[in-house]
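Trainee: If it helps, the file is called data.pdb and holds PDB, C-alpha atoms and all ligand atoms:
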```
ATOM      1  CA  MET Y   3      -0.317  49.107  -1.543
ATOM      2  CA  ALA Y   4      -3.600  48.051   0.155
ATOM      3  CA  ILE Y   5      -3.734  48.747   3.896
ATOM      4  CA  LYS Y   6      -2.013  45.948   5.759
ATOM      5  CA  HIS Y   7      -2.739  45.371   9.435
ATOM      6  CA  PHE Y   8      -0.821  43.218  11.949
ATOM      7  CA  LEU Y   9      -3.597  42.004  14.233
ATOM      8  CA  GLN Y  10      -2.347  38.471  14.700
ATOM      9  CA  PHE Y  11       0.854  36.659  13.818
ATOM     10  CA  LYS Y  12      -0.547  34.846  10.794
ATOM     11  CA  ASP Y  13      -1.355  38.182   9.110
ATOM     12  CA  LEU Y  14       2.234  37.992   7.818
ATOM     13  CA  SER Y  15       3.410  35.235   5.487
ATOM     14  CA  ARG Y  16       6.689  33.384   5.886
ATOM     15  CA  ASP Y  17       8.102  35.417   3.004
ATOM     16  CA  GLU Y  18       7.072  38.722   4.625
ATOM     17  CA  LEU Y  19       8.504  37.592   7.966
ATOM     18  CA  ASP Y  20      11.832  36.667   6.372
ATOM     19  CA  TYR Y  21      11.920  40.139   4.825
ATOM     20  CA  ILE Y  22      11.073  41.852   8.158
ATOM     21  CA  PHE Y  23      13.740  39.880  10.052
ATOM     22  CA  LYS Y  24      16.298  40.858   7.399
ATOM     23  CA  ARG Y  25      15.292  44.518   7.642
ATOM     24  CA  ALA Y  26      15.326  44.384  11.462
ATOM     25  CA  SER Y  27      18.886  43.146  11.349
ATOM     26  CA  TRP Y  28      19.941  45.954   8.998
ATOM     27  CA  ILE Y  29      18.063  48.612  11.001
ATOM     28  CA  LYS Y  30      19.662  47.330  14.216
ATOM     29  CA  THR Y  31      23.159  47.509  12.721
ATOM     30  CA  GLN Y  32      22.595  51.069  11.489
ATOM     31  CA  PHE Y  33      21.234  52.096  14.878
ATOM     32  CA  LYS Y  34      24.169  50.568  16.769
ATOM     33  CA  ALA Y  35      26.559  52.442  14.475
ATOM     34  CA  TYR Y  36      24.739  55.760  15.176
ATOM     35  CA  GLN Y  37      23.761  56.017  11.499
ATOM     36  CA  ARG Y  38      20.742  58.280  11.084
ATOM     37  CA  TYR Y  39      17.900  56.545   9.228
ATOM     38  CA  TRP Y  40      14.720  58.590   8.911
ATOM     39  CA  PRO Y  41      12.405  56.901   6.381
ATOM     40  CA  LEU Y  42       9.298  57.855   8.406
ATOM     41  CA  SER Y  43       9.863  61.600   8.751
ATOM     42  CA  ASP Y  44       6.476  63.369   8.931
ATOM     43  CA  ARG Y  45       4.731  60.094   9.819
ATOM     44  CA  THR Y  46       2.766  59.830  13.065
ATOM     45  CA  LEU Y  47       2.029  56.732  15.104
ATOM     46  CA  VAL Y  48      -0.869  56.852  17.570
ATOM     47  CA  MET Y  49      -0.533  54.383  20.446
ATOM     48  CA  ILE Y  50      -3.680  53.472  22.364
ATOM     49  CA  PHE Y  51      -3.241  51.714  25.689
ATOM     50  CA  GLU Y  52      -6.132  50.199  27.623
ATOM     51  CA  LYS Y  53      -3.662  48.164  29.751
ATOM     52  CA  ALA Y  54      -0.329  48.980  31.384
ATOM     53  CA  SER Y  55       2.984  48.738  29.504
ATOM     54  CA  THR Y  56       6.673  49.474  29.814
ATOM     55  CA  ARG Y  57       8.356  47.705  26.859
ATOM     56  CA  THR Y  58       5.637  48.105  24.250
ATOM     57  CA  ARG Y  59       5.196  51.809  24.807
ATOM     58  CA  LEU Y  60       8.892  52.505  25.013
ATOM     59  CA  SER Y  61       9.881  50.431  21.985
ATOM     60  CA  PHE Y  62       7.186  51.895  19.735
ATOM     61  CA  GLU Y  63       7.712  55.480  20.885
ATOM     62  CA  ALA Y  64      11.512  55.350  20.733
ATOM     63  CA  GLY Y  65      11.387  53.347  17.490
ATOM     64  CA  MET Y  66       9.148  55.855  15.749
ATOM     65  CA  GLN Y  67      11.385  58.758  16.813
ATOM     66  CA  GLN Y  68      14.511  56.913  15.687
ATOM     67  CA  LEU Y  69      12.905  56.456  12.243
ATOM     68  CA  GLY Y  70      12.312  60.213  12.014
ATOM     69  CA  GLY Y  71       8.603  60.111  12.881
ATOM     70  CA  SER Y  72       6.615  60.893  15.977
ATOM     71  CA  ALA Y  73       4.396  58.977  18.367
ATOM     72  CA  ILE Y  74       1.362  60.059  20.380
ATOM     73  CA  TYR Y  75       0.268  58.194  23.501
ATOM     74  CA  LEU Y  76      -3.410  57.840  24.388
ATOM     75  CA  ASN Y  77      -4.846  55.854  27.246
ATOM     76  CA  THR Y  78      -8.304  54.920  28.380
ATOM     77  CA  ARG Y  79      -8.072  57.031  31.513
ATOM     78  CA  ASP Y  80      -7.646  60.414  29.919
ATOM     79  CA  SER Y  81      -9.243  60.087  26.495
ATOM     80  CA  GLN Y  82     -12.861  59.582  25.444
ATOM     81  CA  LEU Y  83     -12.070  55.885  24.901
ATOM     82  CA  GLY Y  84     -12.756  55.226  28.563
ATOM     83  CA  ARG Y  85     -16.072  57.079  28.448
ATOM     84  CA  GLY Y  86     -17.862  54.854  26.000
ATOM     85  CA  GLU Y  87     -17.125  56.402  22.588
ATOM     86  CA  PRO Y  88     -17.764  53.602  20.076
ATOM     87  CA  VAL Y  89     -14.526  52.021  18.878
ATOM     88  CA  GLU Y  90     -15.716  52.468  15.276
ATOM     89  CA  ASP Y  91     -16.011  56.258  15.778
ATOM     90  CA  ALA Y  92     -12.631  56.428  17.489
ATOM     91  CA  ALA Y  93     -11.087  54.536  14.561
ATOM     92  CA  GLN Y  94     -12.589  56.945  12.011
ATOM     93  CA  VAL Y  95     -11.213  59.978  13.822
ATOM     94  CA  ILE Y  96      -7.826  58.670  14.953
ATOM     95  CA  SER Y  97      -7.006  57.234  11.529
ATOM     96  CA  ARG Y  98      -7.719  60.596   9.835
ATOM     97  CA  MET Y  99      -5.079  62.260  12.008
ATOM     98  CA  SER Y 100      -2.316  59.654  11.915
ATOM     99  CA  ASP Y 101      -0.437  57.334   9.580
ATOM    100  CA  ILE Y 102      -0.423  54.177  11.678
ATOM    101  CA  VAL Y 103      -2.014  53.018  14.948
ATOM    102  CA  MET Y 104      -0.914  50.576  17.648
ATOM    103  CA  ILE Y 105      -3.472  49.306  20.165
ATOM    104  CA  ARG Y 106      -3.157  47.376  23.440
ATOM    105  CA  THR Y 107      -6.606  46.319  24.592
ATOM    106  CA  PHE Y 108      -8.765  43.514  25.967
ATOM    107  CA  GLU Y 109     -10.729  41.349  23.496
ATOM    108  CA  GLN Y 110      -9.314  40.755  20.019
ATOM    109  CA  GLU Y 111     -12.727  41.750  18.674
ATOM    110  CA  ILE Y 112     -12.082  45.363  19.759
ATOM    111  CA  ILE Y 113      -8.952  45.703  17.639
ATOM    112  CA  GLU Y 114     -10.670  44.000  14.696
ATOM    113  CA  ARG Y 115     -13.555  46.485  14.858
ATOM    114  CA  PHE Y 116     -11.044  49.324  15.043
ATOM    115  CA  ALA Y 117      -9.112  48.009  12.034
ATOM    116  CA  ALA Y 118     -12.299  47.567   9.996
ATOM    117  CA  ASN Y 119     -12.957  51.305  10.410
ATOM    118  CA  SER Y 120      -9.398  52.551  10.043
ATOM    119  CA  ARG Y 121      -7.875  54.287   7.028
ATOM    120  CA  VAL Y 122      -4.386  53.360   8.201
ATOM    121  CA  PRO Y 123      -2.542  50.183   9.296
ATOM    122  CA  VAL Y 124      -3.299  48.892  12.791
ATOM    123  CA  ILE Y 125      -0.807  46.920  14.910
ATOM    124  CA  ASN Y 126      -1.777  44.669  17.823
ATOM    125  CA  GLY Y 127       0.268  45.711  20.871
ATOM    126  CA  LEU Y 128      -1.349  42.897  22.942
ATOM    127  CA  THR Y 129      -4.901  41.665  23.359
ATOM    128  CA  ASN Y 130      -6.309  38.975  25.633
ATOM    129  CA  GLU Y 131      -5.842  36.544  22.738
ATOM    130  CA  TYR Y 132      -2.554  37.545  21.047
ATOM    131  CA  HIS Y 133       0.743  39.413  21.364
ATOM    132  CA  PRO Y 134       2.205  39.215  17.845
ATOM    133  CA  CYS Y 135       4.919  41.898  18.268
ATOM    134  CA  GLN Y 136       6.344  39.908  21.180
ATOM    135  CA  THR Y 137       6.669  36.681  19.211
ATOM    136  CA  LEU Y 138       8.156  38.632  16.300
ATOM    137  CA  ALA Y 139      10.919  39.847  18.651
ATOM    138  CA  ASP Y 140      11.316  36.411  20.240
ATOM    139  CA  ILE Y 141      11.835  34.656  16.923
ATOM    140  CA  PHE Y 142      14.201  37.366  15.710
ATOM    141  CA  THR Y 143      16.175  36.804  18.931
ATOM    142  CA  PHE Y 144      16.211  33.042  18.417
ATOM    143  CA  ILE Y 145      17.481  33.489  14.842
ATOM    144  CA  GLU Y 146      20.233  35.851  16.017
ATOM    145  CA  HIS Y 147      21.452  33.310  18.583
ATOM    146  CA  ARG Y 148      20.784  29.979  16.879
ATOM    147  CA  GLY Y 149      19.876  30.500  13.198
ATOM    148  CA  PRO Y 150      16.612  29.477  11.470
ATOM    149  CA  ILE Y 151      13.769  28.327  13.727
ATOM    150  CA  GLN Y 152      12.241  25.977  11.139
ATOM    151  CA  GLY Y 153      12.151  22.407  12.479
ATOM    152  CA  LYS Y 154      13.133  23.466  16.014
ATOM    153  CA  THR Y 155      11.194  22.702  19.216
ATOM    154  CA  VAL Y 156       9.912  25.400  21.552
ATOM    155  CA  ALA Y 157       8.652  24.364  25.006
ATOM    156  CA  TRP Y 158       5.887  26.575  26.382
ATOM    157  CA  ILE Y 159       5.438  26.063  30.130
ATOM    158  CA  GLY Y 160       2.461  27.620  31.958
ATOM    159  CA  ASP Y 161      -0.652  29.453  30.883
ATOM    160  CA  SER Y 162      -2.084  29.055  27.381
ATOM    161  CA  ASN Y 163      -2.384  32.830  27.177
ATOM    162  CA  ASN Y 164      -1.959  35.512  24.496
ATOM    163  CA  VAL Y 165       1.781  34.894  24.124
ATOM    164  CA  CYS Y 166       1.306  31.107  23.961
ATOM    165  CA  ASN Y 167      -1.406  31.460  21.284
ATOM    166  CA  THR Y 168       0.936  33.618  19.242
ATOM    167  CA  TRP Y 169       3.762  31.070  19.472
ATOM    168  CA  LEU Y 170       1.303  28.429  18.213
ATOM    169  CA  GLN Y 171       0.356  30.572  15.212
ATOM    170  CA  ALA Y 172       4.015  31.313  14.515
ATOM    171  CA  ALA Y 173       4.791  27.575  14.519
ATOM    172  CA  GLU Y 174       2.264  27.086  11.714
ATOM    173  CA  VAL Y 175       3.611  29.981   9.643
ATOM    174  CA  LEU Y 176       7.326  29.240  10.163
ATOM    175  CA  ASP Y 177       7.118  25.436  10.424
ATOM    176  CA  PHE Y 178       8.491  24.646  13.873
ATOM    177  CA  ASN Y 179       7.023  22.698  16.821
ATOM    178  CA  VAL Y 180       5.665  23.838  20.177
ATOM    179  CA  HIS Y 181       5.467  21.504  23.172
ATOM    180  CA  VAL Y 182       2.881  23.019  25.512
ATOM    181  CA  SER Y 183       2.388  22.113  29.147
ATOM    182  CA  THR Y 184      -0.388  23.785  31.123
ATOM    183  CA  PRO Y 185      -2.122  22.785  34.360
ATOM    184  CA  PRO Y 186      -5.447  20.956  33.892
ATOM    185  CA  GLY Y 187      -8.194  23.415  32.998
ATOM    186  CA  TYR Y 188      -5.806  25.854  31.276
ATOM    187  CA  GLU Y 189      -5.207  23.903  28.037
ATOM    188  CA  VAL Y 190      -4.877  25.437  24.570
ATOM    189  CA  GLU Y 191      -8.150  26.472  22.951
ATOM    190  CA  PRO Y 192      -7.335  25.966  19.250
ATOM    191  CA  GLU Y 193     -10.149  28.166  17.957
ATOM    192  CA  ARG Y 194      -9.260  31.039  20.283
ATOM    193  CA  ALA Y 195      -5.621  30.631  19.283
ATOM    194  CA  GLY Y 196      -6.664  30.970  15.632
ATOM    195  CA  LEU Y 197      -4.971  27.744  14.539
ATOM    196  CA  TYR Y 198      -5.438  25.925  11.245
ATOM    197  CA  GLY Y 199      -4.814  22.524  12.857
ATOM    198  CA  ASN Y 200      -2.743  20.685  15.447
ATOM    199  CA  ALA Y 201       0.204  19.549  13.340
ATOM    200  CA  HIS Y 202       2.660  22.004  14.920
ATOM    201  CA  TYR Y 203       2.014  21.528  18.610
ATOM    202  CA  GLU Y 204       1.711  18.797  21.195
ATOM    203  CA  GLU Y 205       0.272  19.062  24.723
ATOM    204  CA  PHE Y 206       1.968  17.468  27.755
ATOM    205  CA  SER Y 207       0.498  17.157  31.237
ATOM    206  CA  ASP Y 208       4.056  16.921  32.645
ATOM    207  CA  PRO Y 209       6.087  20.119  32.096
ATOM    208  CA  MET Y 210       9.354  18.126  32.303
ATOM    209  CA  LYS Y 211       8.246  16.071  29.299
ATOM    210  CA  ALA Y 212       7.401  19.235  27.368
ATOM    211  CA  ALA Y 213      10.839  20.692  28.095
ATOM    212  CA  LYS Y 214      12.708  17.512  27.105
ATOM    213  CA  SER Y 215      15.120  18.145  24.215
ATOM    214  CA  ALA Y 216      13.662  21.595  23.503
ATOM    215  CA  ASP Y 217      15.751  24.218  21.665
ATOM    216  CA  LEU Y 218      14.001  27.002  23.537
ATOM    217  CA  VAL Y 219      12.125  27.004  26.846
ATOM    218  CA  THR Y 220       9.758  29.881  27.431
ATOM    219  CA  THR Y 221       7.078  30.909  29.879
ATOM    220  CA  ASP Y 222       5.039  33.907  31.015
ATOM    221  CA  VAL Y 223       3.199  35.162  34.093
ATOM    222  CA  TRP Y 224       0.606  32.858  35.621
ATOM    223  CA  THR Y 225      -1.937  35.699  35.675
ATOM    224  CA  SER Y 226      -2.199  38.002  32.665
ATOM    225  CA  MET Y 227      -3.533  41.544  32.723
ATOM    226  CA  GLY Y 228      -7.307  41.555  32.933
ATOM    227  CA  PHE Y 229      -7.434  38.272  34.915
ATOM    228  CA  GLU Y 230      -6.244  39.634  38.274
ATOM    229  CA  SER Y 231      -9.316  38.332  40.127
ATOM    230  CA  GLU Y 232      -8.054  34.764  39.443
ATOM    231  CA  ASN Y 233      -4.607  35.453  40.899
ATOM    232  CA  GLU Y 234      -4.823  33.412  44.118
ATOM    233  CA  GLU Y 235      -6.454  30.412  42.442
ATOM    234  CA  ARG Y 236      -3.843  30.508  39.662
ATOM    235  CA  LYS Y 237      -0.976  30.616  42.155
ATOM    236  CA  ARG Y 238      -2.218  27.289  43.503
ATOM    237  CA  ASP Y 239      -2.985  25.748  40.099
ATOM    238  CA  PHE Y 240       0.348  26.720  38.506
ATOM    239  CA  ALA Y 241       2.656  25.895  41.436
ATOM    240  CA  ASP Y 242       4.261  22.944  39.571
ATOM    241  CA  TRP Y 243       4.731  24.913  36.357
ATOM    242  CA  GLN Y 244       7.866  26.829  37.261
ATOM    243  CA  VAL Y 245      10.828  26.823  34.882
ATOM    244  CA  ASP Y 246      13.772  25.907  37.089
ATOM    245  CA  GLU Y 247      17.284  24.560  36.574
ATOM    246  CA  GLU Y 248      16.091  20.954  36.657
ATOM    247  CA  MET Y 249      13.732  21.696  33.778
ATOM    248  CA  MET Y 250      16.437  23.494  31.798
ATOM    249  CA  ARG Y 251      18.688  20.438  32.272
ATOM    250  CA  VAL Y 252      16.296  18.162  30.334
ATOM    251  CA  ALA Y 253      16.150  20.627  27.428
ATOM    252  CA  LYS Y 254      18.946  20.641  24.829
ATOM    253  CA  LYS Y 255      22.321  21.544  26.260
ATOM    254  CA  ASN Y 256      22.393  24.803  24.300
ATOM    255  CA  ALA Y 257      18.686  25.609  24.852
ATOM    256  CA  LEU Y 258      17.768  29.249  25.298
ATOM    257  CA  PHE Y 259      15.380  30.624  27.903
ATOM    258  CA  MET Y 260      12.961  33.446  27.019
ATOM    259  CA  HIS Y 261      10.285  35.387  28.890
ATOM    260  CA  CYS Y 262       8.367  38.315  27.414
ATOM    261  CA  LEU Y 263       8.615  40.180  30.768
ATOM    262  CA  PRO Y 264       7.602  41.450  33.248
ATOM    263  CA  ALA Y 265       8.589  38.295  35.186
ATOM    264  CA  HIS Y 266       7.806  37.056  38.669
ATOM    265  CA  ARG Y 267      10.900  35.285  40.001
ATOM    266  CA  GLY Y 268       9.876  32.410  42.263
ATOM    267  CA  GLU Y 269       6.560  31.947  40.406
ATOM    268  CA  GLU Y 270       6.724  31.010  36.711
ATOM    269  CA  VAL Y 271      10.540  31.128  36.675
ATOM    270  CA  ASP Y 272      13.323  30.515  39.144
ATOM    271  CA  ALA Y 273      15.763  33.429  39.484
ATOM    272  CA  LEU Y 274      18.644  31.046  38.682
ATOM    273  CA  VAL Y 275      17.141  30.475  35.218
ATOM    274  CA  ILE Y 276      16.056  33.978  34.225
ATOM    275  CA  ASP Y 277      19.314  35.431  35.552
ATOM    276  CA  GLY Y 278      21.384  32.456  34.357
ATOM    277  CA  ASN Y 279      23.552  32.045  31.275
ATOM    278  CA  GLN Y 280      20.914  30.381  29.041
ATOM    279  CA  SER Y 281      18.575  33.342  29.450
ATOM    280  CA  VAL Y 282      18.358  35.868  26.593
ATOM    281  CA  VAL Y 283      15.569  37.966  28.085
ATOM    282  CA  TRP Y 284      17.385  41.292  27.763
ATOM    283  CA  ASP Y 285      18.201  40.705  24.090
ATOM    284  CA  GLU Y 286      14.591  39.663  23.650
ATOM    285  CA  ALA Y 287      13.322  42.897  25.208
ATOM    286  CA  GLU Y 288      15.746  45.045  23.196
ATOM    287  CA  ASN Y 289      14.734  43.342  19.981
ATOM    288  CA  ARG Y 290      11.173  44.611  20.393
ATOM    289  CA  LEU Y 291      12.654  47.949  19.314
ATOM    290  CA  HIS Y 292      14.486  46.727  16.222
ATOM    291  CA  VAL Y 293      11.875  44.334  14.904
ATOM    292  CA  GLN Y 294       8.995  46.788  15.401
ATOM    293  CA  LYS Y 295      10.953  49.455  13.519
ATOM    294  CA  ALA Y 296      11.152  46.996  10.610
ATOM    295  CA  LEU Y 297       7.429  46.283  11.003
ATOM    296  CA  LEU Y 298       6.518  50.003  10.988
ATOM    297  CA  GLU Y 299       8.688  50.537   7.909
ATOM    298  CA  TYR Y 300       7.094  47.578   6.118
ATOM    299  CA  LEU Y 301       3.480  48.506   6.936
ATOM    300  CA  LEU Y 302       4.030  52.135   5.909
ATOM    301  CA  LEU Y 303       6.433  51.884   2.980
ATOM    302  CA  GLY Y 304       6.213  48.276   1.777
ATOM    303  CA  ARG Y 305       9.380  46.563   0.615
ATOM    304  CA  ILE Y 306      12.338  48.802   0.044
ATOM    305  CA  ASP Y 307      15.946  48.141  -0.846
ATOM    306  CA  GLY Y 308      18.576  48.825   1.738
TER     307      GLY Y 308
HETATM  308  N1  LIG Y 401       6.442  42.231  27.025
HETATM  309  C1  LIG Y 401       5.677  43.329  27.030
HETATM  310  O1  LIG Y 401       4.826  43.520  26.167
HETATM  311  O2  LIG Y 401       5.939  44.209  28.036
HETATM  312  P1  LIG Y 401       5.088  45.485  28.475
HETATM  313  O3  LIG Y 401       3.811  44.977  29.093
HETATM  314  O4  LIG Y 401       5.959  46.203  29.439
HETATM  315  O5  LIG Y 401       4.781  46.310  27.252
HETATM  316  N1  LIG Y 402       0.486  37.501  29.178
HETATM  317  C1  LIG Y 402       0.884  38.782  29.721
HETATM  318  C2  LIG Y 402       1.888  39.438  28.831
HETATM  319  C3  LIG Y 402       2.396  40.767  29.308
HETATM  320  C4  LIG Y 402       3.353  41.406  28.360
HETATM  321  C5  LIG Y 402      -0.343  39.655  29.895
HETATM  322  O1  LIG Y 402      -1.200  39.657  29.002
HETATM  323  O2  LIG Y 402      -0.455  40.325  30.916
END
```
Using structure tokens, write down the structure from this file.
Mentor:
Amino acid sequence: MAIKHFLQFKDLSRDELDYIFKRASWIKTQFKAYQRYWPLSDRTLVMIFEKASTRTRLSFEAGMQQLGGSAIYLNTRDSQLGRGEPVEDAAQVISRMSDIVMIRTFEQEIIERFAANSRVPVINGLTNEYHPCQTLADIFTFIEHRGPIQGKTVAWIGDSNNVCNTWLQAAEVLDFNVHVSTPPGYEVEPERAGLYGNAHYEEFSDPMKAAKSADLVTTDVWTSMGFESENEERKRDFADWQVDEEMMRVAKKNALFMHCLPAHRGEEVDALVIDGNQSVVWDEAENRLHVQKALLEYLLLGRIDG
């Protein structure tokens, strides 16, 4: 099989995604039943972090071990990556010593340059533009709770950031709708989001209108990693873009609430919502593990029966 990377959500087709969700479900069931499943024994994942992480590191490292393989953690601070070694050279070397690589970095261009020089599959563990593993877990979580996402409406409230862009790509691949509401000046940039068109999303200046009749309401921090210098200005600009109980009330009665985490209660989400009974944030976080195990298996072994 030719090397397959997962650099943005649309790198996987609907058919491949259906397969990965099916595998994730099977892998999760085996794991919960303490059934050993080691298809990746002798395989090594290298994880490169240029930004902080709890969930992404933990889910990839634990996931790789649970599949019988091993994971190595590198960060900018104590590798040559932080001292100006060209990303192309790093890719040549790292991909000769490993079977698969996951990278969390700044511009999408960095991961694309790495992938172009890699002998092994590369997974995007978050860039300024995208967070495809997160949306993979989010959609898997939605399917577990509510069934197929096709035709459903997702309300995105807040910043048109990496997670928002990924939801917009996912809507095109899996044929659902996203209602986006951002403060003025923070609207979706279709080219940056890597969209084919605007048929699967609609922008609303009023967040209540975006949330109306949604099947899922989701949000994220007002200030993403790498944009900390804008924090104070963003706190002012985003003050009216908090998901609270009033907003959840205009969504469908059985609407779910998701947040990729880490969350700031009292900023983008009210504690009553994230800690309330429509919230599935802990399932969402756990599912990073199961869905990424299915992704690792698919990128390394292709389709297998099981
Ligand atoms: N949601 C997410 O990617 O979390 P971390 O930043 O902790 O990896
Ligand atoms: N948008 C956030 C997601 C963190 C998981 C960030 O990029 O910091």
Trainee: Return as a PyMOL selection string the set of residues that the PyMOL selection byres (((not hetatm)) within 8 of (chain Y and resi 402)) yields on the displayed structure.
Mentor: chain Y and resi 55+128-130+133+136+163-165+222-228+262-264
Trainee: So the first atom is atom CA of Y:Met210 and the second is atom CA of Y:Pro185; what is the distance between them in Å, to one decimal place?
Mentor: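 Distance between the two atoms: 12.6 Å.
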Trainee: For a test of reading the model, state the distance in Å between atom CA of Y:Leu197 and atom CA of Y:Lys254, rounded to one decimal.
Mentor: 27.0 Å
Trainee: Extract, using only C-alpha atoms, all DNA, RNA and protein residues at most 10 Å from Y:Arg25, discarding same-chain residues fewer than 6 positions from it, and format them as an mmCIF file with C-alpha atoms, keeping the file's coordinate frame.
Mentor:
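Listed below is the output, around-v1.cif:
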```cif
data_model
loop_
_atom_site.group_PDB
_atom_site.id
_atom_site.type_symbol
_atom_site.label_atom_id
_atom_site.label_comp_id
_atom_site.auth_asym_id
_atom_site.auth_seq_id
_atom_site.Cartn_x
_atom_site.Cartn_y
_atom_site.Cartn_z
ATOM 1 C CA LEU Y 19 8.504 37.592 7.966
ATOM 2 C CA THR Y 31 23.159 47.509 12.721
ATOM 3 C CA HIS Y 292 14.486 46.727 16.222
ATOM 4 C CA VAL Y 293 11.875 44.334 14.904
ATOM 5 C CA LYS Y 295 10.953 49.455 13.519
ATOM 6 C CA ALA Y 296 11.152 46.996 10.610
ATOM 7 C CA LEU Y 297 7.429 46.283 11.003
ATOM 8 C CA GLU Y 299 8.688 50.537 7.909
ATOM 9 C CA TYR Y 300 7.094 47.578 6.118
ATOM 10 C CA ARG Y 305 9.380 46.563 0.615
ATOM 11 C CA ILE Y 306 12.338 48.802 0.044
ATOM 12 C CA ASP Y 307 15.946 48.141 -0.846
ATOM 13 C CA GLY Y 308 18.576 48.825 1.738
#
```
Trainee: Around ligand LIG 401 (chain Y), with edges along x, y and z and 4 Å added on all six sides, what centre and edge lengths do you get, in Å to one decimal, as JSON?
Mentor:
```
{"center_x": 5.1, "center_y": 44.3, "center_z": 27.8, "size_x": 10.6, "size_y": 12.1, "size_z": 11.3}
```
Trainee: Starting from the PyMOL selection byres (((chain Y and resi 57-59) around 12) and not hetatm), expand the selection into actual residues of this file and give them as an MDAnalysis selection string.
Mentor: chainID Y and resid 47:56 60:66 73:77 104:106 125:128 133:136 139 262:264 284 286:291 293:294
Trainee: Fewer than 5 positions away in the same chain doesn't count, so skip those; otherwise give me all residues within 12 Å of stretch 216-219 of chain Y, counting all atoms listed in the file, as a PyMOL selection string.
Mentor: chain Y and resi 140-141+143-145+147-160+166+169+178-183+209-211+244-247+249-262+270-271+275-276+280-283
